[in-house]
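Novice: So here's run33.tsv, just TSV, C-alpha atoms:
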chain	number	residue	atom	x	y	z
A	1	MET	CA	3.10	-52.95	-11.92
A	2	THR	CA	4.12	-49.63	-10.50
A	3	ASP	CA	2.99	-46.42	-12.17
A	4	ASN	CA	6.29	-44.79	-11.27
A	5	ILE	CA	8.63	-44.69	-14.25
A	6	ARG	CA	12.27	-44.71	-13.20
A	7	ASP	CA	15.17	-43.27	-15.11
A	8	LEU	CA	17.34	-46.35	-14.73
A	9	VAL	CA	17.39	-49.91	-13.45
A	10	ILE	CA	20.83	-51.45	-12.92
A	11	VAL	CA	20.78	-55.26	-13.02
A	12	GLY	CA	23.69	-56.60	-10.97
A	13	GLY	CA	25.45	-55.39	-7.85
A	14	GLY	CA	29.07	-56.24	-8.60
A	15	PRO	CA	31.79	-53.64	-9.25
A	16	ALA	CA	30.22	-52.59	-12.57
A	17	GLY	CA	26.76	-52.22	-11.08
A	18	LEU	CA	27.99	-50.41	-7.96
A	19	SER	CA	30.11	-48.03	-10.01
A	20	ALA	CA	27.10	-47.34	-12.23
A	21	ALA	CA	25.00	-46.72	-9.10
A	22	ILE	CA	27.55	-44.19	-7.81
A	23	TYR	CA	27.64	-42.28	-11.09
A	24	ALA	CA	23.86	-42.45	-11.49
A	25	ALA	CA	23.40	-41.02	-8.00
A	26	ARG	CA	25.82	-38.19	-8.75
A	27	ALA	CA	23.85	-37.46	-11.94
A	28	LEU	CA	20.66	-37.29	-9.80
A	29	LEU	CA	19.03	-40.09	-11.78
A	30	ASP	CA	16.08	-41.95	-10.27
A	31	ALA	CA	17.79	-45.33	-10.30
A	32	VAL	CA	17.65	-48.66	-8.49
A	33	THR	CA	20.23	-51.43	-8.45
A	34	LEU	CA	18.95	-55.01	-8.28
A	35	GLU	CA	21.13	-57.87	-7.01
A	36	GLN	CA	19.90	-61.42	-6.56
A	37	GLU	CA	22.52	-63.00	-4.28
A	38	ALA	CA	25.14	-60.83	-2.60
A	39	VAL	CA	26.22	-57.27	-3.33
A	40	GLY	CA	29.73	-57.44	-4.74
A	41	GLY	CA	29.11	-60.40	-7.04
A	42	GLN	CA	31.85	-62.93	-7.75
A	43	VAL	CA	34.49	-60.55	-6.39
A	44	ILE	CA	33.51	-61.20	-2.77
A	45	LEU	CA	34.93	-64.73	-3.15
A	46	THR	CA	38.42	-63.33	-3.83
A	47	ASN	CA	40.57	-63.47	-0.72
A	48	GLU	CA	43.33	-61.17	-1.93
A	49	VAL	CA	43.11	-58.17	-4.25
A	50	ASP	CA	46.39	-56.43	-4.95
A	51	ASN	CA	45.75	-54.83	-8.33
A	52	TYR	CA	42.97	-52.31	-7.67
A	53	PRO	CA	44.65	-48.88	-7.91
A	54	GLY	CA	44.83	-46.97	-4.66
A	55	VAL	CA	43.61	-49.88	-2.50
A	56	PRO	CA	46.57	-52.20	-1.86
A	57	HIS	CA	46.36	-55.47	0.03
A	58	THR	CA	42.62	-55.87	0.39
A	59	ASP	CA	40.08	-58.58	-0.31
A	60	GLY	CA	37.07	-58.73	-2.58
A	61	PHE	CA	34.48	-58.42	0.16
A	62	SER	CA	36.11	-55.38	1.77
A	63	LEU	CA	36.57	-53.62	-1.56
A	64	THR	CA	33.02	-54.10	-2.79
A	65	ASP	CA	31.61	-53.38	0.69
A	66	ALA	CA	33.32	-49.99	0.50
A	67	MET	CA	31.82	-49.46	-2.96
A	68	GLN	CA	28.37	-50.32	-1.64
A	69	ARG	CA	28.67	-47.95	1.34
A	70	GLN	CA	29.86	-45.18	-0.98
A	71	ALA	CA	26.91	-45.74	-3.32
A	72	LYS	CA	24.41	-45.70	-0.45
A	73	ASP	CA	26.00	-42.61	1.08
A	74	LEU	CA	25.34	-40.86	-2.22
A	75	GLY	CA	21.69	-41.92	-2.10
A	76	ALA	CA	21.76	-44.98	-4.37
A	77	ALA	CA	18.95	-47.51	-3.87
A	78	ILE	CA	20.14	-51.14	-3.76
A	79	VAL	CA	17.49	-53.85	-3.54
A	80	MET	CA	17.97	-57.59	-3.12
A	81	GLU	CA	15.66	-59.10	-5.72
A	82	ASP	CA	16.03	-61.82	-8.33
A	83	VAL	CA	15.43	-60.43	-11.83
A	84	ARG	CA	13.25	-62.80	-13.82
A	85	SER	CA	12.82	-60.94	-17.12
A	86	ILE	CA	13.57	-57.76	-19.06
A	87	SER	CA	11.22	-56.61	-21.84
A	88	ARG	CA	10.89	-53.47	-23.95
A	89	ASP	CA	7.78	-51.82	-25.32
A	90	GLU	CA	8.60	-50.83	-28.90
A	91	SER	CA	6.07	-47.98	-29.05
A	92	SER	CA	7.13	-46.18	-25.87
A	93	GLY	CA	10.73	-47.40	-25.65
A	94	LEU	CA	10.18	-48.18	-21.96
A	95	PHE	CA	11.57	-51.30	-20.30
A	96	THR	CA	9.87	-53.51	-17.76
A	97	VAL	CA	12.20	-55.31	-15.38
A	98	THR	CA	10.33	-58.04	-13.54
A	99	THR	CA	11.74	-59.52	-10.36
A	100	SER	CA	10.61	-62.16	-7.90
A	101	ALA	CA	8.88	-59.43	-5.89
A	102	ALA	CA	7.99	-56.50	-8.17
A	103	SER	CA	8.06	-54.91	-11.59
A	104	TYR	CA	10.01	-51.78	-12.49
A	105	VAL	CA	9.19	-49.60	-15.49
A	106	THR	CA	12.23	-47.67	-16.59
A	107	ARG	CA	13.59	-45.52	-19.39
A	108	ALA	CA	16.98	-47.24	-19.39
A	109	VAL	CA	18.62	-50.44	-18.19
A	110	ILE	CA	22.25	-51.24	-17.45
A	111	LEU	CA	22.93	-54.96	-17.54
A	112	ALA	CA	25.82	-55.61	-15.16
A	113	GLY	CA	25.26	-59.22	-14.14
A	114	GLY	CA	28.83	-60.29	-14.85
A	115	ALA	CA	30.06	-63.71	-15.90
A	116	THR	CA	30.98	-66.74	-13.86
A	117	PRO	CA	33.97	-69.00	-14.57
A	118	ARG	CA	32.95	-72.38	-15.91
A	119	HIS	CA	34.10	-74.99	-13.39
A	120	ALA	CA	36.04	-78.09	-14.38
A	121	GLY	CA	34.10	-80.34	-12.02
A	122	PHE	CA	36.87	-82.11	-10.09
A	123	ASP	CA	36.50	-83.11	-6.44
A	124	GLY	CA	37.64	-80.35	-4.10
A	125	GLU	CA	37.18	-77.58	-6.66
A	126	GLU	CA	34.50	-75.79	-4.63
A	127	GLU	CA	36.19	-76.44	-1.27
A	128	PHE	CA	39.51	-74.92	-2.34
A	129	GLY	CA	38.10	-72.11	-4.48
A	130	GLY	CA	40.11	-69.03	-3.52
A	131	HIS	CA	42.41	-71.21	-1.39
A	132	GLY	CA	44.54	-72.88	-4.05
A	133	VAL	CA	42.05	-73.13	-6.92
A	134	SER	CA	41.81	-69.97	-9.00
A	135	TYR	CA	40.14	-68.75	-12.18
A	136	CYS	CA	42.18	-65.60	-12.83
A	137	ALA	CA	45.94	-65.54	-13.45
A	138	THR	CA	46.07	-61.74	-13.54
A	139	CYS	CA	44.36	-61.60	-10.14
A	140	ASP	CA	46.23	-64.37	-8.35
A	141	GLY	CA	49.42	-65.14	-10.28
A	142	MET	CA	51.70	-63.11	-8.02
A	143	PHE	CA	50.72	-65.26	-5.03
A	144	TYR	CA	52.46	-68.23	-6.66
A	145	ARG	CA	55.95	-66.81	-6.91
A	146	GLY	CA	58.44	-69.66	-6.70
A	147	LYS	CA	55.69	-72.28	-6.60
A	148	GLN	CA	54.25	-74.81	-9.05
A	149	VAL	CA	50.92	-74.38	-10.80
A	150	PHE	CA	48.71	-76.59	-12.92
A	151	VAL	CA	46.56	-74.97	-15.60
A	152	ILE	CA	43.43	-76.80	-16.76
A	153	GLY	CA	42.44	-76.11	-20.37
A	154	GLY	CA	43.80	-76.25	-23.87
A	155	GLY	CA	42.33	-73.18	-25.57
A	156	ASN	CA	43.73	-69.72	-26.19
A	157	SER	CA	42.77	-68.40	-22.76
A	158	ALA	CA	44.38	-71.32	-20.95
A	159	ALA	CA	47.57	-71.07	-23.00
A	160	GLU	CA	47.86	-67.29	-22.62
A	161	GLU	CA	47.20	-67.48	-18.89
A	162	ALA	CA	49.74	-70.30	-18.54
A	163	LEU	CA	52.35	-68.16	-20.30
A	164	PHE	CA	51.50	-65.27	-17.99
A	165	LEU	CA	51.92	-67.51	-14.94
A	166	THR	CA	55.50	-68.38	-15.98
A	167	LYS	CA	56.40	-64.86	-14.82
A	168	PHE	CA	55.74	-65.96	-11.26
A	169	ALA	CA	55.72	-69.74	-10.86
A	170	ASP	CA	58.86	-71.88	-11.04
A	171	LYS	CA	56.98	-74.45	-13.11
A	172	VAL	CA	53.70	-74.36	-15.01
A	173	THR	CA	52.01	-77.52	-16.23
A	174	MET	CA	49.09	-77.35	-18.64
A	175	VAL	CA	46.62	-80.22	-18.21
A	176	VAL	CA	44.88	-80.84	-21.54
A	177	ARG	CA	42.18	-83.49	-21.79
A	178	LYS	CA	42.64	-84.08	-25.53
A	179	ASP	CA	45.71	-85.07	-27.52
A	180	HIS	CA	46.15	-81.55	-28.85
A	181	MET	CA	45.68	-77.91	-27.87
A	182	ARG	CA	42.90	-75.78	-29.31
A	183	ALA	CA	44.97	-72.63	-28.99
A	184	GLN	CA	46.08	-70.73	-32.07
A	185	ALA	CA	49.32	-71.96	-33.62
A	186	SER	CA	51.25	-68.83	-32.64
A	187	VAL	CA	50.21	-69.20	-28.99
A	188	ALA	CA	50.89	-72.95	-28.97
A	189	LYS	CA	54.36	-72.22	-30.36
A	190	GLN	CA	55.08	-69.90	-27.43
A	191	VAL	CA	53.96	-72.63	-25.04
A	192	ALA	CA	56.26	-75.17	-26.70
A	193	GLU	CA	59.22	-72.79	-26.55
A	194	SER	CA	58.80	-71.84	-22.88
A	195	GLU	CA	61.39	-73.45	-20.62
A	196	LYS	CA	59.10	-73.19	-17.58
A	197	LEU	CA	56.03	-74.71	-19.21
A	198	GLU	CA	55.14	-78.33	-19.94
A	199	VAL	CA	51.94	-79.86	-21.30
A	200	ARG	CA	50.31	-83.10	-20.19
A	201	TYR	CA	48.02	-84.25	-22.98
A	202	LEU	CA	45.15	-86.73	-22.63
A	203	THR	CA	45.04	-85.88	-18.95
A	204	SER	CA	42.39	-84.56	-16.57
A	205	ILE	CA	42.47	-83.53	-12.93
A	206	THR	CA	39.87	-85.49	-11.00
A	207	ALA	CA	40.52	-84.30	-7.44
A	208	VAL	CA	42.56	-82.04	-5.21
A	209	GLY	CA	42.99	-82.38	-1.47
A	210	GLY	CA	44.67	-80.98	1.58
A	211	ASP	CA	44.23	-79.71	5.11
A	212	GLY	CA	43.30	-76.05	4.66
A	213	LEU	CA	45.82	-75.66	1.83
A	214	LEU	CA	46.36	-77.87	-1.20
A	215	GLN	CA	48.63	-80.85	-0.70
A	216	SER	CA	47.62	-83.36	-3.40
A	217	VAL	CA	46.26	-83.57	-6.91
A	218	THR	CA	44.89	-86.63	-8.68
A	219	PHE	CA	45.26	-87.08	-12.44
A	220	ARG	CA	43.42	-89.38	-14.83
A	221	ASN	CA	45.00	-90.73	-18.01
A	222	ASN	CA	42.19	-90.23	-20.51
A	223	GLU	CA	43.46	-93.07	-22.69
A	224	THR	CA	43.73	-95.77	-20.06
A	225	GLY	CA	41.58	-94.38	-17.26
A	226	ALA	CA	44.42	-94.90	-14.79
A	227	LEU	CA	44.50	-92.57	-11.76
A	228	THR	CA	47.67	-91.25	-10.15
A	229	THR	CA	47.96	-88.95	-7.14
A	230	GLU	CA	50.87	-86.59	-6.59
A	231	THR	CA	51.58	-84.97	-3.22
A	232	PHE	CA	53.38	-81.72	-2.46
A	233	ASP	CA	54.36	-79.57	0.49
A	234	LYS	CA	51.30	-77.81	1.89
A	235	GLY	CA	50.51	-74.68	-0.09
A	236	SER	CA	53.37	-75.14	-2.54
A	237	PHE	CA	51.19	-75.37	-5.64
A	238	GLY	CA	47.96	-74.11	-7.13
A	239	VAL	CA	45.42	-75.07	-9.79
A	240	PHE	CA	44.15	-72.53	-12.32
A	241	VAL	CA	40.99	-73.38	-14.27
A	242	PHE	CA	40.46	-71.86	-17.72
A	243	VAL	CA	37.67	-73.81	-19.40
A	244	GLY	CA	35.51	-70.82	-20.32
A	245	ARG	CA	33.12	-68.39	-18.66
A	246	VAL	CA	29.34	-68.16	-18.61
A	247	PRO	CA	28.02	-64.59	-19.09
A	248	ALA	CA	24.78	-63.63	-17.35
A	249	SER	CA	23.18	-62.56	-20.62
A	250	GLY	CA	20.19	-64.90	-20.64
A	251	LEU	CA	17.81	-62.10	-19.61
A	252	VAL	CA	18.49	-60.19	-22.84
A	253	LYS	CA	19.28	-62.98	-25.30
A	254	ASP	CA	16.13	-62.19	-27.29
A	255	LEU	CA	16.65	-58.42	-27.17
A	256	VAL	CA	20.25	-57.64	-28.07
A	257	GLU	CA	23.11	-58.93	-30.17
A	258	LEU	CA	25.33	-61.49	-28.47
A	259	ASP	CA	28.64	-62.86	-29.69
A	260	ARG	CA	29.30	-66.58	-30.19
A	261	GLN	CA	30.21	-67.04	-26.53
A	262	GLY	CA	27.04	-65.33	-25.32
A	263	TYR	CA	28.59	-62.01	-24.31
A	264	VAL	CA	26.61	-58.83	-24.98
A	265	VAL	CA	27.94	-56.76	-27.87
A	266	ALA	CA	28.32	-53.13	-26.77
A	267	ASN	CA	30.33	-50.17	-28.01
A	268	GLU	CA	32.80	-48.00	-26.09
A	269	ARG	CA	29.87	-46.06	-24.58
A	270	MET	CA	28.43	-49.37	-23.32
A	271	GLU	CA	25.49	-49.00	-25.73
A	272	THR	CA	23.99	-52.23	-27.05
A	273	THR	CA	22.04	-52.66	-30.26
A	274	VAL	CA	18.85	-51.69	-28.38
A	275	PRO	CA	18.35	-47.98	-27.53
A	276	GLY	CA	18.27	-47.48	-23.78
A	277	LEU	CA	19.85	-50.83	-22.97
A	278	PHE	CA	23.47	-50.68	-21.84
A	279	ALA	CA	25.93	-53.39	-20.77
A	280	ALA	CA	28.82	-53.03	-18.34
A	281	GLY	CA	31.43	-55.30	-16.83
A	282	ASP	CA	32.11	-58.95	-17.47
A	283	VAL	CA	28.77	-59.59	-19.19
A	284	ARG	CA	29.88	-57.62	-22.24
A	285	GLN	CA	32.32	-58.52	-25.00
A	286	LYS	CA	35.74	-57.19	-23.95
A	287	SER	CA	39.44	-58.05	-23.85
A	288	LEU	CA	40.14	-57.75	-20.11
A	289	ARG	CA	37.83	-58.76	-17.27
A	290	GLN	CA	39.09	-57.21	-14.03
A	291	ILE	CA	37.56	-55.30	-11.13
A	292	VAL	CA	39.03	-52.02	-12.36
A	293	THR	CA	37.71	-52.46	-15.91
A	294	ALA	CA	34.27	-53.42	-14.60
A	295	ALA	CA	34.19	-50.29	-12.46
A	296	ALA	CA	35.22	-48.19	-15.45
A	297	ASP	CA	32.48	-49.78	-17.57
A	298	GLY	CA	29.90	-48.93	-14.92
A	299	ALA	CA	30.98	-45.30	-14.80
A	300	ILE	CA	30.83	-45.01	-18.59
A	301	ALA	CA	27.46	-46.77	-18.76
A	302	ALA	CA	25.81	-44.49	-16.20
A	303	THR	CA	27.25	-41.41	-17.88
A	304	SER	CA	25.94	-42.67	-21.22
A	305	VAL	CA	22.51	-43.22	-19.66
A	306	ALA	CA	22.47	-39.62	-18.41
A	307	SER	CA	23.32	-38.43	-21.91
A	308	TYR	CA	20.67	-40.74	-23.43
A	309	LEU	CA	18.05	-39.28	-21.07
A	310	GLY	CA	19.11	-35.74	-21.86
A	311	GLN	CA	20.57	-35.10	-18.41
A	312	PRO	CA	23.72	-33.03	-17.79
A	313	VAL	CA	26.81	-35.21	-18.00
A	314	GLU	CA	29.36	-35.00	-15.20
A	315	GLY	CA	32.71	-33.68	-16.38
Translate the structure of the given file into structure tokens.

Specialist:
Amino acid sequence: MTDNIRDLVIVGGGPAGLSAAIYAARALLDAVTLEQEAVGGQVILTNEVDNYPGVPHTDGFSLTDAMQRQAKDLGAAIVMEDVRSISRDESSGLFTVTTSAASYVTRAVILAGGATPRHAGFDGEEEFGGHGVSYCATCDGMFYRGKQVFVIGGGNSAAEEALFLTKFADKVTMVVRKDHMRAQASVAKQVAESEKLEVRYLTSITAVGGDGLLQSVTFRNNETGALTTETFDKGSFGVFVFVGRVPASGLVKDLVELDRQGYVVANERMETTVPGLFAAGDVRQKSLRQIVTAAADGAIAATSVASYLGQPVEG
């Protein structure tokens, strides 16, 4: 274990973590950002990003690559290491962040590991991810203007996203595996009243296919087990999956308060229930999970860390 005590360790190199790294560098904090797979996180899988202010018509990789270069230009340290554990010494208040290669002792931690969409598990889901299969209506809905979309899921998120997609798509079909929706009655009522939205109950999607772009989708009747395949013009439809998300909160599940879905509970300053431990981005409990809100969280979290450590706060 190193004898050097850092001001801050940022766990996660997505938009929240990179934004936190930028603000930490500007506050002259001794900080390091740890990322286990690829800097940029889940965003690098997004082919088209049209809703990040000031950066029109880009893609996830280009956007987060620019964030990374900006952070490094400001002096931020970004290290590719897999974080294995986070612990806190109650007497000193110091944290130990243990990775696959080292241990970091730090006065503060920002957890910015994000959350990954839970996959539905149908054939072709991975192959067409970002090329016809999507997990974010706000991100990708506009690319389906005049097209047809299928929405997998029967909960509030699926219903709300399906309603949102009716602004763009000519037809939206919810695919619900049970004989009823789990969405709240008021939301289900809006679904029933929408002229552009239909619901297929007791149905699952088992496969999608196509040559580069989606051309077919296979459905299973969950009562009879019968399979039917429907074909479409290439690229004329999409599949949106809303069956939940998995937050990367396992590292702190024994330290901080989590909500029922496993998201970290944090206030508007990104402070958790543990002094010195902050949460930013999709890993925390929040109403909107977008690149811009993750970046904002990271900025707030780093500024809060500076205040927590008694450092001047950037105005």

Novice: Got a sec: who's within 8 Å of A:Ala295, counting all atoms listed in the file, leaving out chain neighbours fewer than 6 positions off, as a compact mmCIF listing (two decimals) with C-alpha atoms, keeping the file's coordinate frame?

Specialist:
# COMPACT_ATOMS: atom_id res chain seq x y z
CA PRO A 15 31.79 -53.64 -9.25
CA ALA A 16 30.22 -52.59 -12.57
CA GLY A 17 26.76 -52.22 -11.08
CA LEU A 18 27.99 -50.41 -7.96
CA SER A 19 30.11 -48.03 -10.01
CA ALA A 20 27.10 -47.34 -12.23
CA GLY A 281 31.43 -55.30 -16.83

Novice: For a quick check of understanding, using all atoms listed in the file, which of A:Val172, A:Lys167, A:Ala294, A:Pro247 has the smallest distance to A:Gly13?

Specialist: A:Ala294

Novice: At most 12 Å from (5.8, -59.2, -5.9), file frame, all atoms listed in the file: which residues, as a PyMOL selection string?

Specialist: chain A and resi 1-2+81-84+98-104

Novice: Given all atoms listed in the file as the basis, pick out the residue of A:Phe128, A:Thr228, A:Ala108, A:Gly41 nearest to A:Ala279.

Specialist: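 Smallest separation from A:Ala279 among the options: A:Ala108.
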
Novice: Just to confirm, what's the straight-line distance from atom CA of A:Thr218 to atom CA of A:Val239 in Å (one decimal)?

Specialist: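 Between atom CA of A:Thr218 and atom CA of A:Val239 the gap works out to 11.6 Å.
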
Novice: Using all atoms listed in the file, which of the listed residues (A:Cys136, A:Val11, A:Met181, A:Met270) sits closest to A:Thr303?

Specialist: A:Met270

Novice: When you count all atoms listed in the file, which of these residues is closest to A:Asn156: A:Ala185, A:Ala280, A:Ala112, A:Met142?

Specialist: A:Ala185

Novice: One number please: atom CA of A:Glu198 to atom CA of A:Phe150, in Å, one decimal.

Specialist: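 According to the coordinates, atom CA of A:Glu198 and atom CA of A:Phe150 are separated by 9.7 Å.
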
Novice: Under the rule that all atoms listed in the file are counted, which of A:Ala207, A:Val149, A:Ala21, A:Ile10 is the nearest residue to A:Val97?

Specialist: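 Using all atoms listed in the file, the shortest distance to A:Val97 belongs to A:Ile10.
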
Novice: With only C-alpha atoms as the counted atoms, please give the residues lying no more than 10 Å from A:Ile44, apart from itself and same-chain residues fewer than 5 positions off, as JSON, numbers by chain.

Specialist: {"A": [14, 38, 39, 59, 60, 61, 62, 63, 64, 65]}

Novice: In terms of the shortest atom-to-atom distance over all atoms listed in the file, which of A:Ala31, A:Ala248, A:Ala226, A:Ala169 is closest to A:Phe143?

Specialist: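 Among the listed residues, the smallest separation from A:Phe143 belongs to A:Ala169.
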
Novice: Rounded to one decimal in Å, what is the spacing between atom CA of A:Val264 and atom CA of A:Pro53?

Specialist: 26.8 Å

Novice: Might you pull out every residue within 9 Å of A:Phe278, with all atoms listed in the file counted and same-chain residues fewer than 3 positions away left off, and present them as a ChimeraX atom specification?

Specialist: /A:108-112,266,269-275,301-302,304-305

Novice: Kindly compute an axis-aligned box around the listed atoms of stretch 35-50 of chain A, allowing 5 Å on each side, and express its centre and edge lengths in Å to one decimal as lines of an AutoDock Vina configuration file.

Specialist:
center_x = 33.1
center_y = -60.6
center_z = -4.2
size_x = 36.5
size_y = 18.3
size_z = 17.0

Novice: Extract, using all atoms listed in the file, all DNA, RNA and protein residues at most 7 Å from stretch 121-126 of chain A, discarding same-chain residues fewer than 3 positions from it, and format them as JSON, numbers by chain.

Specialist: {"A": [129, 133, 205, 206, 207, 208, 209]}
